[in-house]
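Chemist: Mind looking over this structure? Questions follow.
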Amino acid sequence: MELLTRLHQLTATDLAPVVRQALGDSQAWPLTWELDALDWTGNPATVALIRLAGIAQTKEGREVPWIVVLKVAADTDMTGDPLIDQYTHEAEGPNYWKREALAFGSGLLTGWPGPLVPVRCYGVNDESEDQVWIWLEARDGARPHGSWTIEQLASAAYDFGAFAAQWQAKLPDVTRYPWLAQRWVRGWVSVVRPYAVDHFLEHDGCGDGSLVEPFLNKRARHRIADLISDADELLATFESLPCTLAHHDPQWGNLFAATPAEFPARTVVIDWGFLGIAPIGCDLGLHIGQNIFSWGIDQRRAAEHDQASTAAYLKGLRDFGWDGDANSIRFARATAAALNAATWQAMEVSWLCPEMAERFGPDGASWPARVATKQGISTAEVSARWAAGFSYVLDLADEARQLKSRLDRS
């Protein structure tokens, strides 16, 4: 059955269990509802994100509004290339399609003490062998999510540090889950290379004639090539570090401020499809790098964002009982940020290349114009800010190499 048809066939009986949890009323009954698709991009395992809102009758007979989000995940192929698409099919892969549903269904994502907590889940339905529905709390009414300040992002980084310290001690309790992502950063690199990055490395003219061409000099191309060449050595040291539970997608768009009533929770996090085990400091690096390439900050302030979030993350770790080597955290952060963000931005250059138009379609090459519209800036500023971010994450690659040498000698 087509998804849209199934959605329009939902009944009050179907929705009542979800609405009752959303309202905290065991007898609430949905009277009316409407649904609309939310704006989302990027993850092929998510085939729909729907907001449902309406009116329900409470057990006292009052009529009150209700709202929830339905996330539909499915076992799909993005490219038809088994080497690339395996990352959605394998239980330990970077983006196993059913992971978020299994995580919520297992109870792993409930009962957290804070300051970082997962979004509330109202239920998981297996609609078919290759599709699951995840009913979620609608944070901020599921409205478009505004960017956070550098200070707010640092506050969230503190909470991710606390989260890392809390779960390091409890890691033996979760390693039994076979669907947790393992070696996520390595998996990301192995997927993004054949998808787009290898084209950037092998095609000298990739990016020529585009808005970013002025920033793609030989030195920049050599730096990304050197990073890919060094990836295995960096990852060998990275993967030898002490581990914890990791979100792996801690960018600004997945973060919400908790309300005072939710204290001690401070940061509520959505999108747990990449949940897995990773070195302490990995989420910090992904937080920094993903906020750069997802336009969560002005990339010209990347160093300020990095410094604030790194200091906050280390404080969160220490406040919640971690007592380790700060250089190992800085190395994990620099490695994760560079390998995730620099390869993402190299992929963006490939999106602009006419030779890759068949793979990416017309939307791929239009990303600078889309960013300009969304950010309310000129395409010239898009290219300048993009270049600032690209340069900074490549600087982090240099820092990762230096810190690796120190760690290897210690």
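Following the order of the structure tokens, first chain is A, next is B, and so on, with residues numbered from 1 inside each chain and ligands from 1 in the order they appear.
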Within 8 Å of stretch 395-409 of chain A, counting only C-alpha atoms, which residues qualify if same-chain residues fewer than 2 places away don't, as a PyMOL selection string?

Modeler: chain A and resi 227+234+237+327-328+330-332+334-335+337-339+391-393

Chemist: Where does stretch 86-155 of chain A meet stretch 358-376 of chain A within 12 Å, residue by residue, with the nearest atom pair and distance in Å to one decimal for each, counting only C-alpha atoms, listed by chain and rising number, as CSV?

Modeler:
residue,atom,partner,partner_atom,distance
A:Pro144,CA,A:Lys374,CA,11.3
A:His145,CA,A:Lys374,CA,11.9
A:Gly146,CA,A:Gln375,CA,10.6
A:Ser147,CA,A:Gln375,CA,10.1

Chemist: Would you mind exporting the chosen residues as an mmCIF file, in the first residue's frame, restricted to C-alpha atoms?

Modeler:
data_model
loop_
_atom_site.group_PDB
_atom_site.id
_atom_site.type_symbol
_atom_site.label_atom_id
_atom_site.label_comp_id
_atom_site.auth_asym_id
_atom_site.auth_seq_id
_atom_site.Cartn_x
_atom_site.Cartn_y
_atom_site.Cartn_z
ATOM 1 C CA PRO A 144 11.419 25.193 11.330
ATOM 2 C CA HIS A 145 14.411 25.050 13.622
ATOM 3 C CA GLY A 146 16.382 28.285 13.989
ATOM 4 C CA SER A 147 20.169 28.282 14.318
#

Chemist: Hey, what's within 7 Å of stretch 91-97 of chain A if we count only C-alpha atoms and toss same-chain stuff fewer than 4 positions away? As a VMD selection string, please?

Modeler: chain A and resid 45 73 to 75 87 178 to 182 184 187 to 188 273 to 274

Chemist: When DSSP is applied to the backbone of this structure, which of stretch 109-301 of chain A are assigned strand (DSSP E or B)? Write them out as a PDB file with all heavy atoms, in the first residue's frame.

Modeler:
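Just written: part-v7.pdb:
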ATOM      1  N   LEU A 116      21.572  15.633  29.017  1.00  0.00           N
ATOM      2  CA  LEU A 116      21.190  15.356  27.641  1.00  0.00           C
ATOM      3  C   LEU A 116      20.197  14.195  27.645  1.00  0.00           C
ATOM      4  O   LEU A 116      20.445  13.158  28.262  1.00  0.00           O
ATOM      5  CB  LEU A 116      22.421  15.008  26.811  1.00  0.00           C
ATOM      6  CG  LEU A 116      22.211  14.792  25.312  1.00  0.00           C
ATOM      7  CD1 LEU A 116      23.407  15.353  24.525  1.00  0.00           C
ATOM      8  CD2 LEU A 116      22.020  13.325  24.978  1.00  0.00           C
ATOM      9  N   VAL A 117      19.088  14.379  26.937  1.00  0.00           N
ATOM     10  CA  VAL A 117      18.061  13.333  26.889  1.00  0.00           C
ATOM     11  C   VAL A 117      17.540  13.184  25.465  1.00  0.00           C
ATOM     12  O   VAL A 117      17.510  14.147  24.704  1.00  0.00           O
ATOM     13  CB  VAL A 117      16.874  13.630  27.838  1.00  0.00           C
ATOM     14  CG1 VAL A 117      17.342  13.682  29.287  1.00  0.00           C
ATOM     15  CG2 VAL A 117      16.167  14.922  27.446  1.00  0.00           C
ATOM     16  N   PRO A 118      17.105  11.973  25.098  1.00  0.00           N
ATOM     17  CA  PRO A 118      16.475  11.797  23.783  1.00  0.00           C
ATOM     18  C   PRO A 118      15.054  12.357  23.773  1.00  0.00           C
ATOM     19  O   PRO A 118      14.391  12.466  24.799  1.00  0.00           O
ATOM     20  CB  PRO A 118      16.442  10.264  23.608  1.00  0.00           C
ATOM     21  CG  PRO A 118      17.398   9.727  24.631  1.00  0.00           C
ATOM     22  CD  PRO A 118      17.343  10.696  25.772  1.00  0.00           C
ATOM     23  N   CYS A 121       9.523   9.167  22.685  1.00  0.00           N
ATOM     24  CA  CYS A 121       8.923   8.321  21.657  1.00  0.00           C
ATOM     25  C   CYS A 121       7.609   7.767  22.195  1.00  0.00           C
ATOM     26  O   CYS A 121       7.549   7.255  23.311  1.00  0.00           O
ATOM     27  CB  CYS A 121       9.865   7.179  21.294  1.00  0.00           C
ATOM     28  SG  CYS A 121       9.189   6.012  20.091  1.00  0.00           S
ATOM     29  N   TYR A 122       6.554   7.868  21.382  1.00  0.00           N
ATOM     30  CA  TYR A 122       5.226   7.425  21.795  1.00  0.00           C
ATOM     31  C   TYR A 122       4.879   6.036  21.277  1.00  0.00           C
ATOM     32  O   TYR A 122       3.816   5.502  21.608  1.00  0.00           O
ATOM     33  CB  TYR A 122       4.168   8.416  21.300  1.00  0.00           C
ATOM     34  CG  TYR A 122       4.345   9.817  21.822  1.00  0.00           C
ATOM     35  CD1 TYR A 122       4.195  10.914  20.973  1.00  0.00           C
ATOM     36  CD2 TYR A 122       4.669  10.065  23.151  1.00  0.00           C
ATOM     37  CE1 TYR A 122       4.339  12.213  21.441  1.00  0.00           C
ATOM     38  CE2 TYR A 122       4.825  11.363  23.619  1.00  0.00           C
ATOM     39  CZ  TYR A 122       4.653  12.428  22.760  1.00  0.00           C
ATOM     40  OH  TYR A 122       4.793  13.716  23.235  1.00  0.00           O
ATOM     41  N   GLY A 123       5.750   5.457  20.476  1.00  0.00           N
ATOM     42  CA  GLY A 123       5.479   4.122  19.983  1.00  0.00           C
ATOM     43  C   GLY A 123       6.203   3.834  18.683  1.00  0.00           C
ATOM     44  O   GLY A 123       6.584   4.746  17.942  1.00  0.00           O
ATOM     45  N   VAL A 124       6.406   2.552  18.415  1.00  0.00           N
ATOM     46  CA  VAL A 124       7.049   2.094  17.189  1.00  0.00           C
ATOM     47  C   VAL A 124       6.170   1.010  16.578  1.00  0.00           C
ATOM     48  O   VAL A 124       5.785   0.062  17.258  1.00  0.00           O
ATOM     49  CB  VAL A 124       8.455   1.539  17.467  1.00  0.00           C
ATOM     50  CG1 VAL A 124       9.060   0.936  16.201  1.00  0.00           C
ATOM     51  CG2 VAL A 124       9.375   2.617  18.033  1.00  0.00           C
ATOM     52  N   ASN A 125       5.848   1.163  15.294  1.00  0.00           N
ATOM     53  CA  ASN A 125       5.026   0.184  14.588  1.00  0.00           C
ATOM     54  C   ASN A 125       5.801  -0.398  13.412  1.00  0.00           C
ATOM     55  O   ASN A 125       6.333   0.344  12.586  1.00  0.00           O
ATOM     56  CB  ASN A 125       3.744   0.824  14.030  1.00  0.00           C
ATOM     57  CG  ASN A 125       2.910   1.515  15.089  1.00  0.00           C
ATOM     58  OD1 ASN A 125       2.544   2.670  14.942  1.00  0.00           O
ATOM     59  ND2 ASN A 125       2.622   0.814  16.164  1.00  0.00           N
ATOM     60  N   ASP A 126       5.853  -1.725  13.338  1.00  0.00           N
ATOM     61  CA  ASP A 126       6.400  -2.391  12.158  1.00  0.00           C
ATOM     62  C   ASP A 126       5.295  -2.491  11.123  1.00  0.00           C
ATOM     63  O   ASP A 126       4.411  -3.345  11.223  1.00  0.00           O
ATOM     64  CB  ASP A 126       6.911  -3.783  12.522  1.00  0.00           C
ATOM     65  CG  ASP A 126       8.190  -3.733  13.326  1.00  0.00           C
ATOM     66  OD1 ASP A 126       9.168  -3.151  12.832  1.00  0.00           O
ATOM     67  OD2 ASP A 126       8.211  -4.258  14.455  1.00  0.00           O
ATOM     68  N   GLU A 127       5.335  -1.614  10.132  1.00  0.00           N
ATOM     69  CA  GLU A 127       4.297  -1.606   9.112  1.00  0.00           C
ATOM     70  C   GLU A 127       4.480  -2.728   8.097  1.00  0.00           C
ATOM     71  O   GLU A 127       3.502  -3.211   7.521  1.00  0.00           O
ATOM     72  CB  GLU A 127       4.292  -0.249   8.397  1.00  0.00           C
ATOM     73  CG  GLU A 127       3.735   0.880   9.237  1.00  0.00           C
ATOM     74  CD  GLU A 127       2.259   0.685   9.547  1.00  0.00           C
ATOM     75  OE1 GLU A 127       1.457   0.566   8.602  1.00  0.00           O
ATOM     76  OE2 GLU A 127       1.906   0.657  10.744  1.00  0.00           O
ATOM     77  N   SER A 128       5.712  -3.122   7.858  1.00  0.00           N
ATOM     78  CA  SER A 128       6.019  -4.218   6.946  1.00  0.00           C
ATOM     79  C   SER A 128       7.435  -4.680   7.250  1.00  0.00           C
ATOM     80  O   SER A 128       8.099  -4.141   8.147  1.00  0.00           O
ATOM     81  CB  SER A 128       5.893  -3.765   5.490  1.00  0.00           C
ATOM     82  OG  SER A 128       6.882  -2.795   5.175  1.00  0.00           O
ATOM     83  N   GLN A 131       9.606  -1.512   6.475  1.00  0.00           N
ATOM     84  CA  GLN A 131       9.183  -0.162   6.848  1.00  0.00           C
ATOM     85  C   GLN A 131       8.711  -0.132   8.298  1.00  0.00           C
ATOM     86  O   GLN A 131       7.957  -1.007   8.743  1.00  0.00           O
ATOM     87  CB  GLN A 131       8.057   0.315   5.939  1.00  0.00           C
ATOM     88  CG  GLN A 131       7.686   1.782   6.152  1.00  0.00           C
ATOM     89  CD  GLN A 131       6.579   2.235   5.226  1.00  0.00           C
ATOM     90  OE1 GLN A 131       5.449   2.452   5.654  1.00  0.00           O
ATOM     91  NE2 GLN A 131       6.904   2.397   3.932  1.00  0.00           N
ATOM     92  N   VAL A 132       9.176   0.886   9.040  1.00  0.00           N
ATOM     93  CA  VAL A 132       8.738   1.086  10.422  1.00  0.00           C
ATOM     94  C   VAL A 132       8.278   2.524  10.600  1.00  0.00           C
ATOM     95  O   VAL A 132       8.782   3.438   9.941  1.00  0.00           O
ATOM     96  CB  VAL A 132       9.847   0.768  11.445  1.00  0.00           C
ATOM     97  CG1 VAL A 132      10.177  -0.711  11.457  1.00  0.00           C
ATOM     98  CG2 VAL A 132      11.096   1.603  11.194  1.00  0.00           C
ATOM     99  N   TRP A 133       7.307   2.699  11.502  1.00  0.00           N
ATOM    100  CA  TRP A 133       6.815   4.021  11.856  1.00  0.00           C
ATOM    101  C   TRP A 133       7.243   4.320  13.285  1.00  0.00           C
ATOM    102  O   TRP A 133       7.033   3.501  14.192  1.00  0.00           O
ATOM    103  CB  TRP A 133       5.295   4.081  11.752  1.00  0.00           C
ATOM    104  CG  TRP A 133       4.763   4.037  10.352  1.00  0.00           C
ATOM    105  CD1 TRP A 133       5.436   3.685   9.220  1.00  0.00           C
ATOM    106  CD2 TRP A 133       3.426   4.344   9.951  1.00  0.00           C
ATOM    107  NE1 TRP A 133       4.616   3.767   8.131  1.00  0.00           N
ATOM    108  CE2 TRP A 133       3.368   4.170   8.546  1.00  0.00           C
ATOM    109  CE3 TRP A 133       2.277   4.752  10.634  1.00  0.00           C
ATOM    110  CZ2 TRP A 133       2.199   4.381   7.822  1.00  0.00           C
ATOM    111  CZ3 TRP A 133       1.121   4.969   9.912  1.00  0.00           C
ATOM    112  CH2 TRP A 133       1.077   4.787   8.518  1.00  0.00           C
ATOM    113  N   ILE A 134       7.808   5.505  13.495  1.00  0.00           N
ATOM    114  CA  ILE A 134       8.265   5.935  14.820  1.00  0.00           C
ATOM    115  C   ILE A 134       7.477   7.191  15.191  1.00  0.00           C
ATOM    116  O   ILE A 134       7.579   8.213  14.508  1.00  0.00           O
ATOM    117  CB  ILE A 134       9.780   6.227  14.838  1.00  0.00           C
ATOM    118  CG1 ILE A 134      10.568   5.054  14.232  1.00  0.00           C
ATOM    119  CG2 ILE A 134      10.255   6.512  16.253  1.00  0.00           C
ATOM    120  CD1 ILE A 134      12.036   5.355  13.990  1.00  0.00           C
ATOM    121  N   TRP A 135       6.686   7.106  16.257  1.00  0.00           N
ATOM    122  CA  TRP A 135       5.852   8.226  16.702  1.00  0.00           C
ATOM    123  C   TRP A 135       6.619   9.014  17.757  1.00  0.00           C
ATOM    124  O   TRP A 135       7.015   8.476  18.787  1.00  0.00           O
ATOM    125  CB  TRP A 135       4.540   7.711  17.280  1.00  0.00           C
ATOM    126  CG  TRP A 135       3.689   6.980  16.288  1.00  0.00           C
ATOM    127  CD1 TRP A 135       3.640   5.636  16.059  1.00  0.00           C
ATOM    128  CD2 TRP A 135       2.746   7.574  15.382  1.00  0.00           C
ATOM    129  NE1 TRP A 135       2.732   5.353  15.076  1.00  0.00           N
ATOM    130  CE2 TRP A 135       2.172   6.518  14.632  1.00  0.00           C
ATOM    131  CE3 TRP A 135       2.340   8.887  15.128  1.00  0.00           C
ATOM    132  CZ2 TRP A 135       1.201   6.735  13.664  1.00  0.00           C
ATOM    133  CZ3 TRP A 135       1.383   9.097  14.156  1.00  0.00           C
ATOM    134  CH2 TRP A 135       0.813   8.038  13.433  1.00  0.00           C
ATOM    135  N   LEU A 136       6.827  10.304  17.505  1.00  0.00           N
ATOM    136  CA  LEU A 136       7.716  11.115  18.327  1.00  0.00           C
ATOM    137  C   LEU A 136       7.041  12.395  18.816  1.00  0.00           C
ATOM    138  O   LEU A 136       6.119  12.914  18.182  1.00  0.00           O
ATOM    139  CB  LEU A 136       8.961  11.498  17.519  1.00  0.00           C
ATOM    140  CG  LEU A 136       9.823  10.338  17.022  1.00  0.00           C
ATOM    141  CD1 LEU A 136      10.798  10.824  15.960  1.00  0.00           C
ATOM    142  CD2 LEU A 136      10.562   9.685  18.178  1.00  0.00           C
ATOM    143  N   GLU A 137       7.559  12.876  19.912  1.00  0.00           N
ATOM    144  CA  GLU A 137       7.164  14.185  20.422  1.00  0.00           C
ATOM    145  C   GLU A 137       7.524  15.263  19.396  1.00  0.00           C
ATOM    146  O   GLU A 137       8.587  15.213  18.764  1.00  0.00           O
ATOM    147  CB  GLU A 137       7.916  14.442  21.729  1.00  0.00           C
ATOM    148  CG  GLU A 137       7.738  15.805  22.333  1.00  0.00           C
ATOM    149  CD  GLU A 137       8.657  16.023  23.515  1.00  0.00           C
ATOM    150  OE1 GLU A 137       9.637  15.252  23.674  1.00  0.00           O
ATOM    151  OE2 GLU A 137       8.393  16.964  24.279  1.00  0.00           O
ATOM    152  N   ALA A 181      25.767   1.202  15.878  1.00  0.00           N
ATOM    153  CA  ALA A 181      26.788   1.484  14.870  1.00  0.00           C
ATOM    154  C   ALA A 181      28.179   1.267  15.454  1.00  0.00           C
ATOM    155  O   ALA A 181      28.463   1.673  16.588  1.00  0.00           O
ATOM    156  CB  ALA A 181      26.651   2.918  14.364  1.00  0.00           C
ATOM    157  N   GLN A 182      29.023   0.631  14.692  1.00  0.00           N
ATOM    158  CA  GLN A 182      30.409   0.394  15.079  1.00  0.00           C
ATOM    159  C   GLN A 182      31.324   1.078  14.058  1.00  0.00           C
ATOM    160  O   GLN A 182      31.098   1.000  12.863  1.00  0.00           O
ATOM    161  CB  GLN A 182      30.708  -1.109  15.097  1.00  0.00           C
ATOM    162  CG  GLN A 182      29.778  -1.933  15.968  1.00  0.00           C
ATOM    163  CD  GLN A 182      30.080  -1.799  17.450  1.00  0.00           C
ATOM    164  OE1 GLN A 182      31.155  -1.312  17.832  1.00  0.00           O
ATOM    165  NE2 GLN A 182      29.153  -2.229  18.297  1.00  0.00           N
ATOM    166  N   CYS A 243      36.085   4.195  24.701  1.00  0.00           N
ATOM    167  CA  CYS A 243      34.832   4.436  23.987  1.00  0.00           C
ATOM    168  C   CYS A 243      33.662   4.717  24.917  1.00  0.00           C
ATOM    169  O   CYS A 243      33.729   4.490  26.127  1.00  0.00           O
ATOM    170  CB  CYS A 243      34.498   3.233  23.109  1.00  0.00           C
ATOM    171  SG  CYS A 243      35.545   3.079  21.659  1.00  0.00           S
ATOM    172  N   THR A 244      32.591   5.182  24.325  1.00  0.00           N
ATOM    173  CA  THR A 244      31.347   5.456  25.020  1.00  0.00           C
ATOM    174  C   THR A 244      30.211   5.352  24.008  1.00  0.00           C
ATOM    175  O   THR A 244      30.433   5.050  22.836  1.00  0.00           O
ATOM    176  CB  THR A 244      31.376   6.852  25.674  1.00  0.00           C
ATOM    177  OG1 THR A 244      30.220   7.011  26.505  1.00  0.00           O
ATOM    178  CG2 THR A 244      31.408   7.965  24.630  1.00  0.00           C
ATOM    179  N   LEU A 245      28.993   5.598  24.464  1.00  0.00           N
ATOM    180  CA  LEU A 245      27.859   5.672  23.549  1.00  0.00           C
ATOM    181  C   LEU A 245      27.921   7.006  22.811  1.00  0.00           C
ATOM    182  O   LEU A 245      28.297   8.030  23.390  1.00  0.00           O
ATOM    183  CB  LEU A 245      26.558   5.569  24.348  1.00  0.00           C
ATOM    184  CG  LEU A 245      25.289   5.153  23.588  1.00  0.00           C
ATOM    185  CD1 LEU A 245      25.439   3.751  23.010  1.00  0.00           C
ATOM    186  CD2 LEU A 245      24.076   5.211  24.512  1.00  0.00           C
ATOM    187  N   ALA A 246      27.561   7.000  21.537  1.00  0.00           N
ATOM    188  CA  ALA A 246      27.677   8.220  20.726  1.00  0.00           C
ATOM    189  C   ALA A 246      26.446   8.395  19.858  1.00  0.00           C
ATOM    190  O   ALA A 246      25.887   7.424  19.339  1.00  0.00           O
ATOM    191  CB  ALA A 246      28.933   8.175  19.868  1.00  0.00           C
ATOM    192  N   LEU A 255      19.123  19.467  17.821  1.00  0.00           N
ATOM    193  CA  LEU A 255      19.183  19.858  19.232  1.00  0.00           C
ATOM    194  C   LEU A 255      18.055  20.821  19.580  1.00  0.00           C
ATOM    195  O   LEU A 255      17.773  21.755  18.833  1.00  0.00           O
ATOM    196  CB  LEU A 255      20.530  20.522  19.533  1.00  0.00           C
ATOM    197  CG  LEU A 255      21.782  19.778  19.051  1.00  0.00           C
ATOM    198  CD1 LEU A 255      23.029  20.577  19.393  1.00  0.00           C
ATOM    199  CD2 LEU A 255      21.848  18.375  19.639  1.00  0.00           C
ATOM    200  N   PHE A 256      17.454  20.593  20.741  1.00  0.00           N
ATOM    201  CA  PHE A 256      16.383  21.455  21.236  1.00  0.00           C
ATOM    202  C   PHE A 256      16.641  21.764  22.704  1.00  0.00           C
ATOM    203  O   PHE A 256      17.103  20.900  23.462  1.00  0.00           O
ATOM    204  CB  PHE A 256      15.015  20.775  21.096  1.00  0.00           C
ATOM    205  CG  PHE A 256      14.587  20.551  19.675  1.00  0.00           C
ATOM    206  CD1 PHE A 256      15.054  19.456  18.966  1.00  0.00           C
ATOM    207  CD2 PHE A 256      13.738  21.442  19.035  1.00  0.00           C
ATOM    208  CE1 PHE A 256      14.679  19.244  17.651  1.00  0.00           C
ATOM    209  CE2 PHE A 256      13.356  21.242  17.721  1.00  0.00           C
ATOM    210  CZ  PHE A 256      13.827  20.144  17.028  1.00  0.00           C
ATOM    211  N   ALA A 257      16.330  22.981  23.096  1.00  0.00           N
ATOM    212  CA  ALA A 257      16.475  23.362  24.497  1.00  0.00           C
ATOM    213  C   ALA A 257      15.319  22.787  25.306  1.00  0.00           C
ATOM    214  O   ALA A 257      14.155  22.916  24.931  1.00  0.00           O
ATOM    215  CB  ALA A 257      16.499  24.880  24.629  1.00  0.00           C
ATOM    216  N   THR A 267      19.297  19.612  27.200  1.00  0.00           N
ATOM    217  CA  THR A 267      19.332  19.466  25.753  1.00  0.00           C
ATOM    218  C   THR A 267      18.554  18.216  25.362  1.00  0.00           C
ATOM    219  O   THR A 267      18.865  17.119  25.838  1.00  0.00           O
ATOM    220  CB  THR A 267      20.773  19.360  25.232  1.00  0.00           C
ATOM    221  OG1 THR A 267      21.503  20.534  25.613  1.00  0.00           O
ATOM    222  CG2 THR A 267      20.795  19.234  23.718  1.00  0.00           C
ATOM    223  N   VAL A 268      17.554  18.400  24.497  1.00  0.00           N
ATOM    224  CA  VAL A 268      16.760  17.280  23.979  1.00  0.00           C
ATOM    225  C   VAL A 268      17.223  17.019  22.551  1.00  0.00           C
ATOM    226  O   VAL A 268      17.309  17.945  21.730  1.00  0.00           O
ATOM    227  CB  VAL A 268      15.253  17.596  24.013  1.00  0.00           C
ATOM    228  CG1 VAL A 268      14.447  16.414  23.469  1.00  0.00           C
ATOM    229  CG2 VAL A 268      14.812  17.944  25.436  1.00  0.00           C
ATOM    230  N   VAL A 269      17.504  15.756  22.240  1.00  0.00           N
ATOM    231  CA  VAL A 269      18.140  15.414  20.973  1.00  0.00           C
ATOM    232  C   VAL A 269      17.233  14.482  20.161  1.00  0.00           C
ATOM    233  O   VAL A 269      16.680  13.518  20.691  1.00  0.00           O
ATOM    234  CB  VAL A 269      19.506  14.736  21.207  1.00  0.00           C
ATOM    235  CG1 VAL A 269      20.227  14.500  19.884  1.00  0.00           C
ATOM    236  CG2 VAL A 269      20.370  15.589  22.128  1.00  0.00           C
ATOM    237  N   GLY A 276      25.553   4.694  18.270  1.00  0.00           N
ATOM    238  CA  GLY A 276      26.538   3.621  18.286  1.00  0.00           C
ATOM    239  C   GLY A 276      27.605   3.820  19.342  1.00  0.00           C
ATOM    240  O   GLY A 276      27.443   4.610  20.282  1.00  0.00           O
ATOM    241  N   ILE A 277      28.677   3.103  19.170  1.00  0.00           N
ATOM    242  CA  ILE A 277      29.807   3.141  20.107  1.00  0.00           C
ATOM    243  C   ILE A 277      30.979   3.814  19.401  1.00  0.00           C
ATOM    244  O   ILE A 277      31.290   3.490  18.250  1.00  0.00           O
ATOM    245  CB  ILE A 277      30.166   1.718  20.556  1.00  0.00           C
ATOM    246  CG1 ILE A 277      28.990   1.111  21.343  1.00  0.00           C
ATOM    247  CG2 ILE A 277      31.435   1.720  21.404  1.00  0.00           C
ATOM    248  CD1 ILE A 277      29.132  -0.364  21.625  1.00  0.00           C
ATOM    249  N   ALA A 278      31.608   4.754  20.083  1.00  0.00           N
ATOM    250  CA  ALA A 278      32.687   5.528  19.464  1.00  0.00           C
ATOM    251  C   ALA A 278      33.637   6.044  20.534  1.00  0.00           C
ATOM    252  O   ALA A 278      33.284   6.108  21.723  1.00  0.00           O
ATOM    253  CB  ALA A 278      32.108   6.697  18.668  1.00  0.00           C
ATOM    254  N   PRO A 279      34.840   6.448  20.140  1.00  0.00           N
ATOM    255  CA  PRO A 279      35.774   7.025  21.104  1.00  0.00           C
ATOM    256  C   PRO A 279      35.202   8.280  21.761  1.00  0.00           C
ATOM    257  O   PRO A 279      34.471   9.060  21.122  1.00  0.00           O
ATOM    258  CB  PRO A 279      36.995   7.367  20.243  1.00  0.00           C
ATOM    259  CG  PRO A 279      36.905   6.431  19.083  1.00  0.00           C
ATOM    260  CD  PRO A 279      35.439   6.293  18.801  1.00  0.00           C
TER     261      PRO A 279
END

Chemist: How many Å lie between atom CA of A:Arg193 and atom CA of A:Met347, rounded to one decimal?

Modeler: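 Here the two named atoms are 8.5 Å from each other.
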
Chemist: Considering only C-alpha atoms, state which residue in the set A:Thr259, A:Gln86, A:Thr343, A:Gln168 is at the smallest distance from A:Asp226.

Modeler: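 Distance minimum relative to A:Asp226 lands on A:Thr343.
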
Chemist: At what distance in Å, to one decimal, does atom CA of A:Ile50 lie from atom CA of A:Thr11?

Modeler: 15.8 Å

Chemist: Excluding same-chain residues fewer than 3 positions from A:Gly296, what lies within 12 Å of it counting only C-alpha atoms, as a PyMOL selection string?

Modeler: chain A and resi 145-150+152-153+250-255+287-293+299-302+305+371+374-375+385-386+389

Chemist: Go through A:Ala37, A:Ser309, A:Trp66, A:Pro113 and flag the residue nearest A:Ala16, using only C-alpha atoms for the distances.

Modeler: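 Going through A:Ala37, A:Ser309, A:Trp66, A:Pro113 one by one, the smallest distance to A:Ala16 is for A:Trp66.
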